[in-house]
2 protein chains.
Amino acid sequence: MHKPRQEMIAETRAKLIAAARKAFAEKGYAESNMDDFTAEAGLTRGALYHHFGGKPGLLAAVIEQIDTEMNGRLQADARKAPTRWQGFIDENIGYIEMALDPEIQRIVLRDGPAVLGDPSTWPSANACVRSITASVKALQDEGIVADVDPETTARLITGATTYAAQWIANSDDPEATSKRAIPAVRQMLEGLRRK
Amino acid sequence: MHKPRQEMIAETRAKLIAAARKAFAEKGYAESNMDDFTAEAGLTRGALYHHFGGKPGLLAAVIEQIDTEMNGRLQADARKAPTRWQGFIDENIGYIEMALDPEIQRIVLRDGPAVLGDPSTWPSANACVRSITASVKALQDEGIVADVDPETTARLITGATTYAAQWIANSDDPEATSKRAIPAVRQMLEGLRRK
DNA sequence: ATAGGGACATACGAAGCGTATGTCAATTGG
DNA sequence: CCAATTGACATACGCTTCGTATGTCCCTAT
């Protein structure tokens, strides 16, 4: 008759995460009122503190959800390509495209670091870096990419592409800026190839 | 007898900026109490609102001050080098070293974007990007760097180096991480050279 | 010399947040 | 099948902090 308790809890958590994600994306973390978005989920702050320990904990949960979604799409992009090199390119371009999303920019790229500290220390959010690292490694095994430290290279790339995405999205003319940035990113990736 | 008014005002602004800079660096923007650090400057929030319009305005002023200092050092680094290419390398390595500073990380790289929005839209804080852009352009004129869009390239580089600095500074073993990251950055810059 | 305005302080009201406490339902052991 | 207990959530309260409205004083210019 009644749903099992576990399921109810999972639903509660999911509702809170969804409501917070919406509020954080629209108004930003600091300007999001806990009473407002918990009420929107049909709950109160009591539930929030119980499950996530506070506002930062909820932000972490939201970011983890977003990161999981991003990583899923990244790996799908990479797999679809005809060659591994092409998949690598697609992966990075795909990352830029995702990072153009205002929701990702605000929550993951701006509020996240301010509240939770440097992203490279997050338990989540390194799924994407790991994905790129794996690609670099595989390309090295195939002799396509020069002998560089894979993880470091992956991090430099994500740093550059993350910046590029923000630059594009917040420029006066995103379309035009994109046309400048994407080729530059391709060229930068080409620089990794063994000569 | 009395100091001229202009001078008093400049002092007040400087004191507020200095006190805020200290508080923001130590506790972070959100946790810094306006009453506390204005009092530390021998003033009240009244002065703050009068001169900077609010907390975000003061943060912008602090960041502008930091950015000016950084740019000054960057250009000095570049000028000191024997060749222009070496100056370019020094400039970027110098940028990483500066970005290792916890004060810069917290105020400029984390709180700044969260409060003021994407850095590439700031009026200040692009002094560094302009400096790097100029270097890329000059190197192209000398035929050393390949034909790429200078500003875009400069932005990708700063994105990568900024990320690298945060990664280094927040890693368990910054010394070791630095030894991995710096060569990778050099290599990335080498990729720009005309073949 | 005296308006006038600008530089700051003070006082007040309104949110928003964290915690302490309360309640009810679901599980578990006998 | 029935308590006892745990845990999921709501309610209530106080504290902090922020923005603004108002007040005062001292330079400065004419």
# chains A, B, ... in the order shown; residues from 1 in each chain; ligands from 1

call {"tool": "interface_residues", "arguments": {"of": "chain D", "to": "chain A", "cutoff": "8 Å", "atoms": "only C-alpha atoms (C1' of nucleotides)", "output": "PDB file with N, CA and C atoms (P, O5', C5', C4', C3', O3' and C1' of nucleotides), in the first residue's frame"}}
result
ATOM      1  P    DA D   8      16.368   9.068   8.055  1.00  0.00           P
ATOM      2  O5'  DA D   8      15.142   9.772   7.309  1.00  0.00           O
ATOM      3  C5'  DA D   8      13.942   9.048   7.092  1.00  0.00           C
ATOM      4  C4'  DA D   8      12.751   9.991   7.105  1.00  0.00           C
ATOM      5  C3'  DA D   8      13.009  11.347   6.431  1.00  0.00           C
ATOM      6  O3'  DA D   8      11.881  11.726   5.665  1.00  0.00           O
ATOM      7  C1'  DA D   8      12.299  11.685   8.648  1.00  0.00           C
ATOM      8  P    DC D   9      12.065  12.769   4.473  1.00  0.00           P
ATOM      9  O5'  DC D   9      11.756  14.137   5.219  1.00  0.00           O
ATOM     10  C5'  DC D   9      10.390  14.481   5.283  1.00  0.00           C
ATOM     11  C4'  DC D   9      10.079  15.228   6.561  1.00  0.00           C
ATOM     12  C3'  DC D   9      10.252  16.738   6.456  1.00  0.00           C
ATOM     13  O3'  DC D   9       9.050  17.322   5.982  1.00  0.00           O
ATOM     14  C1'  DC D   9      10.627  15.837   8.665  1.00  0.00           C
ATOM     15  P    DA D  10       8.965  18.877   5.847  1.00  0.00           P
ATOM     16  O5'  DA D  10       8.361  19.291   7.270  1.00  0.00           O
ATOM     17  C5'  DA D  10       7.123  18.742   7.692  1.00  0.00           C
ATOM     18  C4'  DA D  10       6.635  19.433   8.954  1.00  0.00           C
ATOM     19  C3'  DA D  10       6.567  20.958   8.877  1.00  0.00           C
ATOM     20  O3'  DA D  10       5.397  21.416   9.553  1.00  0.00           O
ATOM     21  C1'  DA D  10       8.092  20.328  10.595  1.00  0.00           C
TER      22       DA D  10
END

call {"tool": "residues_around", "arguments": {"residues": "Ala99 of chain B", "least_positions_apart": "4", "cutoff": "10 Å", "atoms": "only C-alpha atoms (C1' of nucleotides)", "output": "PyMOL selection string"}}
result
chain B and resi 70+93-95+103-106+108-109+161-166+168-169

call {"tool": "closest_residue", "arguments": {"among": "B:Ile63, B:Val129, B:Leu192, B:Ala76", "to": "Gly159 of chain B", "atoms": "only C-alpha atoms"}}
result
B:Val129

call {"tool": "calpha_fit_and_write", "arguments": {"fixed": "chain A", "moving": "chain B", "output": "short mmCIF file (atom, residue, chain, number, x, y, z; two decimals) with C-alpha atoms, in the first residue's frame"}}
result
data_model
loop_
_atom_site.label_atom_id
_atom_site.label_comp_id
_atom_site.auth_asym_id
_atom_site.auth_seq_id
_atom_site.Cartn_x
_atom_site.Cartn_y
_atom_site.Cartn_z
CA MET B 1 -0.14 0.23 -0.06
CA HIS B 2 2.45 2.72 1.12
CA LYS B 3 5.68 3.06 -0.76
CA PRO B 4 8.71 1.63 0.96
CA ARG B 5 10.64 4.08 3.05
CA GLN B 6 13.83 3.96 1.00
CA GLU B 7 11.94 5.03 -2.02
CA MET B 8 10.31 7.95 -0.21
CA ILE B 9 13.70 9.15 0.94
CA ALA B 10 15.17 8.96 -2.52
CA GLU B 11 12.23 10.96 -3.80
CA THR B 12 12.66 13.60 -1.14
CA ARG B 13 16.32 13.97 -1.93
CA ALA B 14 15.62 14.13 -5.63
CA LYS B 15 12.95 16.77 -5.13
CA LEU B 16 15.24 18.90 -3.01
CA ILE B 17 18.08 18.60 -5.48
CA ALA B 18 15.81 19.47 -8.38
CA ALA B 19 14.32 22.50 -6.64
CA ALA B 20 17.71 23.74 -5.51
CA ARG B 21 19.20 23.22 -8.95
CA LYS B 22 16.46 25.34 -10.46
CA ALA B 23 16.84 28.09 -7.87
CA PHE B 24 20.64 28.11 -8.00
CA ALA B 25 20.56 28.32 -11.78
CA GLU B 26 18.05 31.13 -11.87
CA LYS B 27 19.09 33.32 -8.95
CA GLY B 28 22.49 32.04 -7.99
CA TYR B 29 23.47 30.29 -4.80
CA ALA B 30 23.68 33.27 -2.45
CA GLU B 31 20.39 34.78 -3.52
CA SER B 32 18.47 31.53 -3.32
CA ASN B 33 16.21 31.41 -0.29
CA MET B 34 16.16 28.03 1.42
CA ASP B 35 12.59 28.47 2.61
CA ASP B 36 11.45 29.32 -0.89
CA PHE B 37 12.85 26.43 -2.85
CA THR B 38 12.24 23.82 -0.18
CA ALA B 39 8.61 24.95 -0.13
CA GLU B 40 8.57 24.63 -3.89
CA ALA B 41 9.52 21.02 -3.37
CA GLY B 42 6.69 20.64 -0.88
CA LEU B 43 9.09 20.46 2.05
CA THR B 44 10.81 22.64 4.63
CA ARG B 45 14.35 23.43 5.60
CA GLY B 46 14.12 20.65 8.16
CA ALA B 47 14.38 18.07 5.40
CA LEU B 48 17.25 19.92 3.80
CA TYR B 49 19.34 20.02 6.96
CA HIS B 50 18.51 16.42 7.67
CA HIS B 51 19.64 15.09 4.32
CA PHE B 52 22.38 17.45 3.24
CA GLY B 53 23.58 19.06 6.45
CA GLY B 54 23.12 22.57 5.08
CA LYS B 55 23.16 24.73 2.02
CA PRO B 56 26.71 23.86 0.92
CA GLY B 57 25.93 20.16 1.16
CA LEU B 58 22.98 20.58 -1.11
CA LEU B 59 25.07 22.53 -3.59
CA ALA B 60 27.57 19.68 -3.62
CA ALA B 61 24.78 17.24 -4.38
CA VAL B 62 23.48 19.41 -7.21
CA ILE B 63 26.95 19.68 -8.70
CA GLU B 64 27.48 15.97 -8.44
CA GLN B 65 24.28 15.39 -10.37
CA ILE B 66 25.29 17.82 -13.08
CA ASP B 67 28.76 16.36 -13.29
CA THR B 68 27.37 12.89 -13.73
CA GLU B 69 25.19 14.05 -16.57
CA MET B 70 28.08 15.84 -18.23
CA ASN B 71 30.38 12.88 -17.99
CA GLY B 72 27.75 10.62 -19.47
CA ARG B 73 27.43 12.81 -22.49
CA LEU B 74 31.17 13.23 -22.86
CA GLN B 75 31.79 9.52 -23.01
CA ALA B 76 28.94 9.03 -25.45
CA ASP B 77 30.45 11.70 -27.70
CA ALA B 78 33.83 10.03 -27.61
CA ARG B 79 32.47 6.58 -28.40
CA LYS B 80 30.48 7.69 -31.40
CA ALA B 81 33.47 8.95 -33.37
CA PRO B 82 35.10 6.89 -36.17
CA THR B 83 38.64 7.29 -34.85
CA ARG B 84 39.97 7.75 -31.38
CA TRP B 85 41.56 11.04 -32.28
CA GLN B 86 38.30 12.33 -33.67
CA GLY B 87 36.57 11.13 -30.52
CA PHE B 88 39.05 13.11 -28.48
CA ILE B 89 38.30 16.26 -30.45
CA ASP B 90 34.57 15.67 -30.15
CA GLU B 91 34.91 15.11 -26.45
CA ASN B 92 36.54 18.48 -25.91
CA ILE B 93 34.28 20.39 -28.24
CA GLY B 94 31.36 18.71 -26.55
CA TYR B 95 32.68 19.84 -23.22
CA ILE B 96 32.77 23.42 -24.44
CA GLU B 97 29.24 23.18 -25.74
CA MET B 98 27.98 21.90 -22.43
CA ALA B 99 29.86 24.57 -20.55
CA LEU B 100 28.03 27.19 -22.57
CA ASP B 101 24.90 26.36 -20.60
CA PRO B 102 24.11 29.20 -18.16
CA GLU B 103 23.11 26.69 -15.53
CA ILE B 104 26.49 25.00 -15.64
CA GLN B 105 28.33 28.29 -15.72
CA ARG B 106 26.58 29.67 -12.72
CA ILE B 107 26.37 26.60 -10.51
CA VAL B 108 29.45 24.59 -11.40
CA LEU B 109 31.89 27.18 -12.66
CA ARG B 110 31.19 30.21 -10.48
CA ASP B 111 29.20 29.49 -7.33
CA GLY B 112 30.68 26.04 -6.85
CA PRO B 113 34.29 27.13 -6.50
CA ALA B 114 33.34 30.07 -4.27
CA VAL B 115 31.40 27.90 -1.85
CA LEU B 116 33.15 24.54 -2.03
CA GLY B 117 36.68 25.60 -2.90
CA ASP B 118 38.89 24.68 -5.82
CA PRO B 119 37.14 22.21 -8.15
CA SER B 120 40.21 20.03 -8.56
CA THR B 121 39.76 19.03 -4.92
CA TRP B 122 36.13 17.99 -5.32
CA PRO B 123 35.37 14.29 -5.10
CA SER B 124 32.94 14.64 -7.97
CA ALA B 125 33.51 16.96 -10.91
CA ASN B 126 36.67 15.17 -11.76
CA ALA B 127 34.80 12.60 -13.74
CA CYS B 128 35.24 14.83 -16.78
CA VAL B 129 38.94 15.25 -16.17
CA ARG B 130 39.30 11.50 -15.73
CA SER B 131 37.49 10.95 -18.98
CA ILE B 132 39.83 13.26 -20.87
CA THR B 133 42.84 11.78 -19.12
CA ALA B 134 41.83 8.33 -20.27
CA SER B 135 41.52 9.55 -23.84
CA VAL B 136 44.98 11.11 -23.77
CA LYS B 137 46.45 7.91 -22.40
CA ALA B 138 44.78 5.77 -25.04
CA LEU B 139 46.02 8.09 -27.77
CA GLN B 140 49.53 7.81 -26.42
CA ASP B 141 49.34 4.03 -26.49
CA GLU B 142 48.40 4.27 -30.13
CA GLY B 143 51.39 6.51 -30.73
CA ILE B 144 49.27 9.44 -31.82
CA VAL B 145 49.94 11.80 -28.96
CA ALA B 146 53.38 12.84 -27.81
CA ASP B 147 54.84 11.71 -24.55
CA VAL B 148 53.31 14.07 -22.00
CA ASP B 149 51.87 13.60 -18.55
CA PRO B 150 48.29 12.59 -19.37
CA GLU B 151 46.52 13.91 -16.29
CA THR B 152 48.32 17.22 -16.35
CA THR B 153 47.60 17.63 -20.03
CA ALA B 154 43.95 16.79 -19.46
CA ARG B 155 43.76 19.41 -16.74
CA LEU B 156 45.38 22.11 -18.84
CA ILE B 157 42.95 21.32 -21.62
CA THR B 158 39.91 21.50 -19.39
CA GLY B 159 41.20 24.73 -17.90
CA ALA B 160 41.50 26.24 -21.36
CA THR B 161 38.18 24.92 -22.64
CA THR B 162 36.34 25.93 -19.50
CA TYR B 163 37.65 29.44 -19.84
CA ALA B 164 36.80 29.45 -23.53
CA ALA B 165 33.22 28.42 -22.84
CA GLN B 166 32.72 31.20 -20.34
CA TRP B 167 34.27 33.70 -22.65
CA ILE B 168 32.01 32.66 -25.48
CA ALA B 169 28.83 32.53 -23.47
CA ASN B 170 29.33 35.90 -21.84
CA SER B 171 30.58 37.79 -24.86
CA ASP B 172 28.45 40.33 -26.66
CA ASP B 173 28.23 38.09 -29.69
CA PRO B 174 28.56 34.45 -28.60
CA GLU B 175 28.13 33.19 -32.14
CA ALA B 176 31.06 35.21 -33.44
CA THR B 177 33.22 34.50 -30.43
CA SER B 178 32.57 30.82 -30.84
CA LYS B 179 33.82 30.99 -34.42
CA ARG B 180 37.06 32.44 -33.11
CA ALA B 181 37.50 30.14 -30.15
CA ILE B 182 36.67 26.71 -31.52
CA PRO B 183 39.37 26.66 -34.23
CA ALA B 184 41.90 27.89 -31.70
CA VAL B 185 41.01 25.02 -29.41
CA ARG B 186 41.35 22.54 -32.28
CA GLN B 187 44.73 23.98 -33.06
CA MET B 188 45.78 23.72 -29.46
CA LEU B 189 44.79 20.06 -29.44
CA GLU B 190 46.68 19.49 -32.68
CA GLY B 191 49.77 20.66 -30.85
CA LEU B 192 49.64 17.46 -28.85
CA ARG B 193 50.18 15.18 -31.82
CA ARG B 194 53.48 13.44 -32.24
CA LYS B 195 55.39 15.03 -35.09
#

call {"tool": "closest_atom_pairs", "arguments": {"of": "chain C", "to": "chain B", "cutoff": "9 Å", "atoms": "only C-alpha atoms (C1' of nucleotides)", "output": "CSV"}}
result
residue,atom,partner,partner_atom,distance
C:DA7,C1',B:Ala47,CA,7.5
C:DC8,C1',B:Ala47,CA,5.5
C:DA9,C1',B:Gly46,CA,6.5
C:DT10,C1',B:Gly46,CA,8.9

call {"tool": "atom_distance", "arguments": {"atom1": "atom C1' of DA29 of chain D", "atom2": "atom C1' of DG4 of chain C"}}
result
9.1 Å

call {"tool": "select_by_dssp", "arguments": {"residues": "segment 125-161 of chain A", "states": "alpha helix (DSSP H)", "output": "PyMOL selection string"}}
result
chain A and resi 127-141+150-161

call {"tool": "write_last_selection", "arguments": {"atoms": "C-alpha atoms", "output": "mmCIF file, in the first residue's frame"}}
result
data_model
loop_
_atom_site.group_PDB
_atom_site.id
_atom_site.type_symbol
_atom_site.label_atom_id
_atom_site.label_comp_id
_atom_site.auth_asym_id
_atom_site.auth_seq_id
_atom_site.Cartn_x
_atom_site.Cartn_y
_atom_site.Cartn_z
ATOM 1 C CA ALA A 127 34.820 12.555 -13.749
ATOM 2 C CA CYS A 128 35.253 14.775 -16.781
ATOM 3 C CA VAL A 129 38.961 15.206 -16.178
ATOM 4 C CA ARG A 130 39.339 11.466 -15.774
ATOM 5 C CA SER A 131 37.509 10.921 -19.012
ATOM 6 C CA ILE A 132 39.850 13.247 -20.891
ATOM 7 C CA THR A 133 42.873 11.774 -19.154
ATOM 8 C CA ALA A 134 41.871 8.313 -20.326
ATOM 9 C CA SER A 135 41.554 9.552 -23.880
ATOM 10 C CA VAL A 136 45.002 11.114 -23.815
ATOM 11 C CA LYS A 137 46.473 7.917 -22.464
ATOM 12 C CA ALA A 138 44.820 5.793 -25.111
ATOM 13 C CA LEU A 139 46.047 8.121 -27.840
ATOM 14 C CA GLN A 140 49.557 7.854 -26.506
ATOM 15 C CA ASP A 141 49.375 4.069 -26.586
ATOM 16 C CA PRO A 150 48.319 12.576 -19.411
ATOM 17 C CA GLU A 151 46.563 13.877 -16.330
ATOM 18 C CA THR A 152 48.350 17.212 -16.383
ATOM 19 C CA THR A 153 47.636 17.617 -20.053
ATOM 20 C CA ALA A 154 43.986 16.780 -19.481
ATOM 21 C CA ARG A 155 43.789 19.390 -16.762
ATOM 22 C CA LEU A 156 45.396 22.092 -18.855
ATOM 23 C CA ILE A 157 42.970 21.309 -21.635
ATOM 24 C CA THR A 158 39.925 21.470 -19.395
ATOM 25 C CA GLY A 159 41.225 24.702 -17.925
ATOM 26 C CA ALA A 160 41.518 26.214 -21.370
ATOM 27 C CA THR A 161 38.199 24.891 -22.649
#

call {"tool": "residues_around", "arguments": {"residues": "DT28 of chain C", "least_positions_apart": "5", "cutoff": "10 Å", "atoms": "only C-alpha atoms (C1' of nucleotides)", "output": "PDB file with N, CA and C atoms (P, O5', C5', C4', C3', O3' and C1' of nucleotides), in the first residue's frame"}}
result
ATOM      1  P    DA D   4       6.937  -0.147  25.901  1.00  0.00           P
ATOM      2  O5'  DA D   4       8.363   0.092  25.230  1.00  0.00           O
ATOM      3  C5'  DA D   4       9.144  -1.034  24.862  1.00  0.00           C
ATOM      4  C4'  DA D   4      10.174  -0.627  23.815  1.00  0.00           C
ATOM      5  C3'  DA D   4      10.734   0.787  24.007  1.00  0.00           C
ATOM      6  O3'  DA D   4      12.147   0.720  23.925  1.00  0.00           O
ATOM      7  C1'  DA D   4       9.932   0.521  21.804  1.00  0.00           C
ATOM      8  P    DT D   5      13.068   1.949  24.222  1.00  0.00           P
ATOM      9  O5'  DT D   5      13.715   2.235  22.810  1.00  0.00           O
ATOM     10  C5'  DT D   5      13.928   1.138  21.919  1.00  0.00           C
ATOM     11  C4'  DT D   5      14.165   1.653  20.515  1.00  0.00           C
ATOM     12  C3'  DT D   5      14.815   3.042  20.444  1.00  0.00           C
ATOM     13  O3'  DT D   5      15.858   3.023  19.492  1.00  0.00           O
ATOM     14  C1'  DT D   5      12.888   3.009  19.094  1.00  0.00           C
ATOM     15  P    DT D   6      17.112   3.999  19.601  1.00  0.00           P
ATOM     16  O5'  DT D   6      17.465   4.263  18.069  1.00  0.00           O
ATOM     17  C5'  DT D   6      17.204   3.246  17.111  1.00  0.00           C
ATOM     18  C4'  DT D   6      16.500   3.806  15.908  1.00  0.00           C
ATOM     19  C3'  DT D   6      17.102   5.125  15.372  1.00  0.00           C
ATOM     20  O3'  DT D   6      17.512   4.931  14.049  1.00  0.00           O
ATOM     21  C1'  DT D   6      14.731   5.196  15.420  1.00  0.00           C
TER      22       DT D   6
END

call {"tool": "residues_around", "arguments": {"residues": "DG14 of chain D", "least_positions_apart": "4", "cutoff": "12 Å", "atoms": "only C-alpha atoms (C1' of nucleotides)", "output": "list in words"}}
result
DC17, DG18, DT19 and DA20 of chain C

call {"tool": "write_last_selection", "arguments": {"atoms": "C-alpha atoms (C1' of nucleotides)", "output": "PDB file, in the first residue's frame"}}
result
ATOM      1  C1'  DC C  17      20.149  31.259   8.475  1.00  0.00           C
ATOM      2  C1'  DG C  18      21.236  27.646  12.060  1.00  0.00           C
ATOM      3  C1'  DT C  19      19.661  25.130  15.889  1.00  0.00           C
ATOM      4  C1'  DA C  20      16.856  23.278  19.372  1.00  0.00           C
TER       5       DA C  20
END
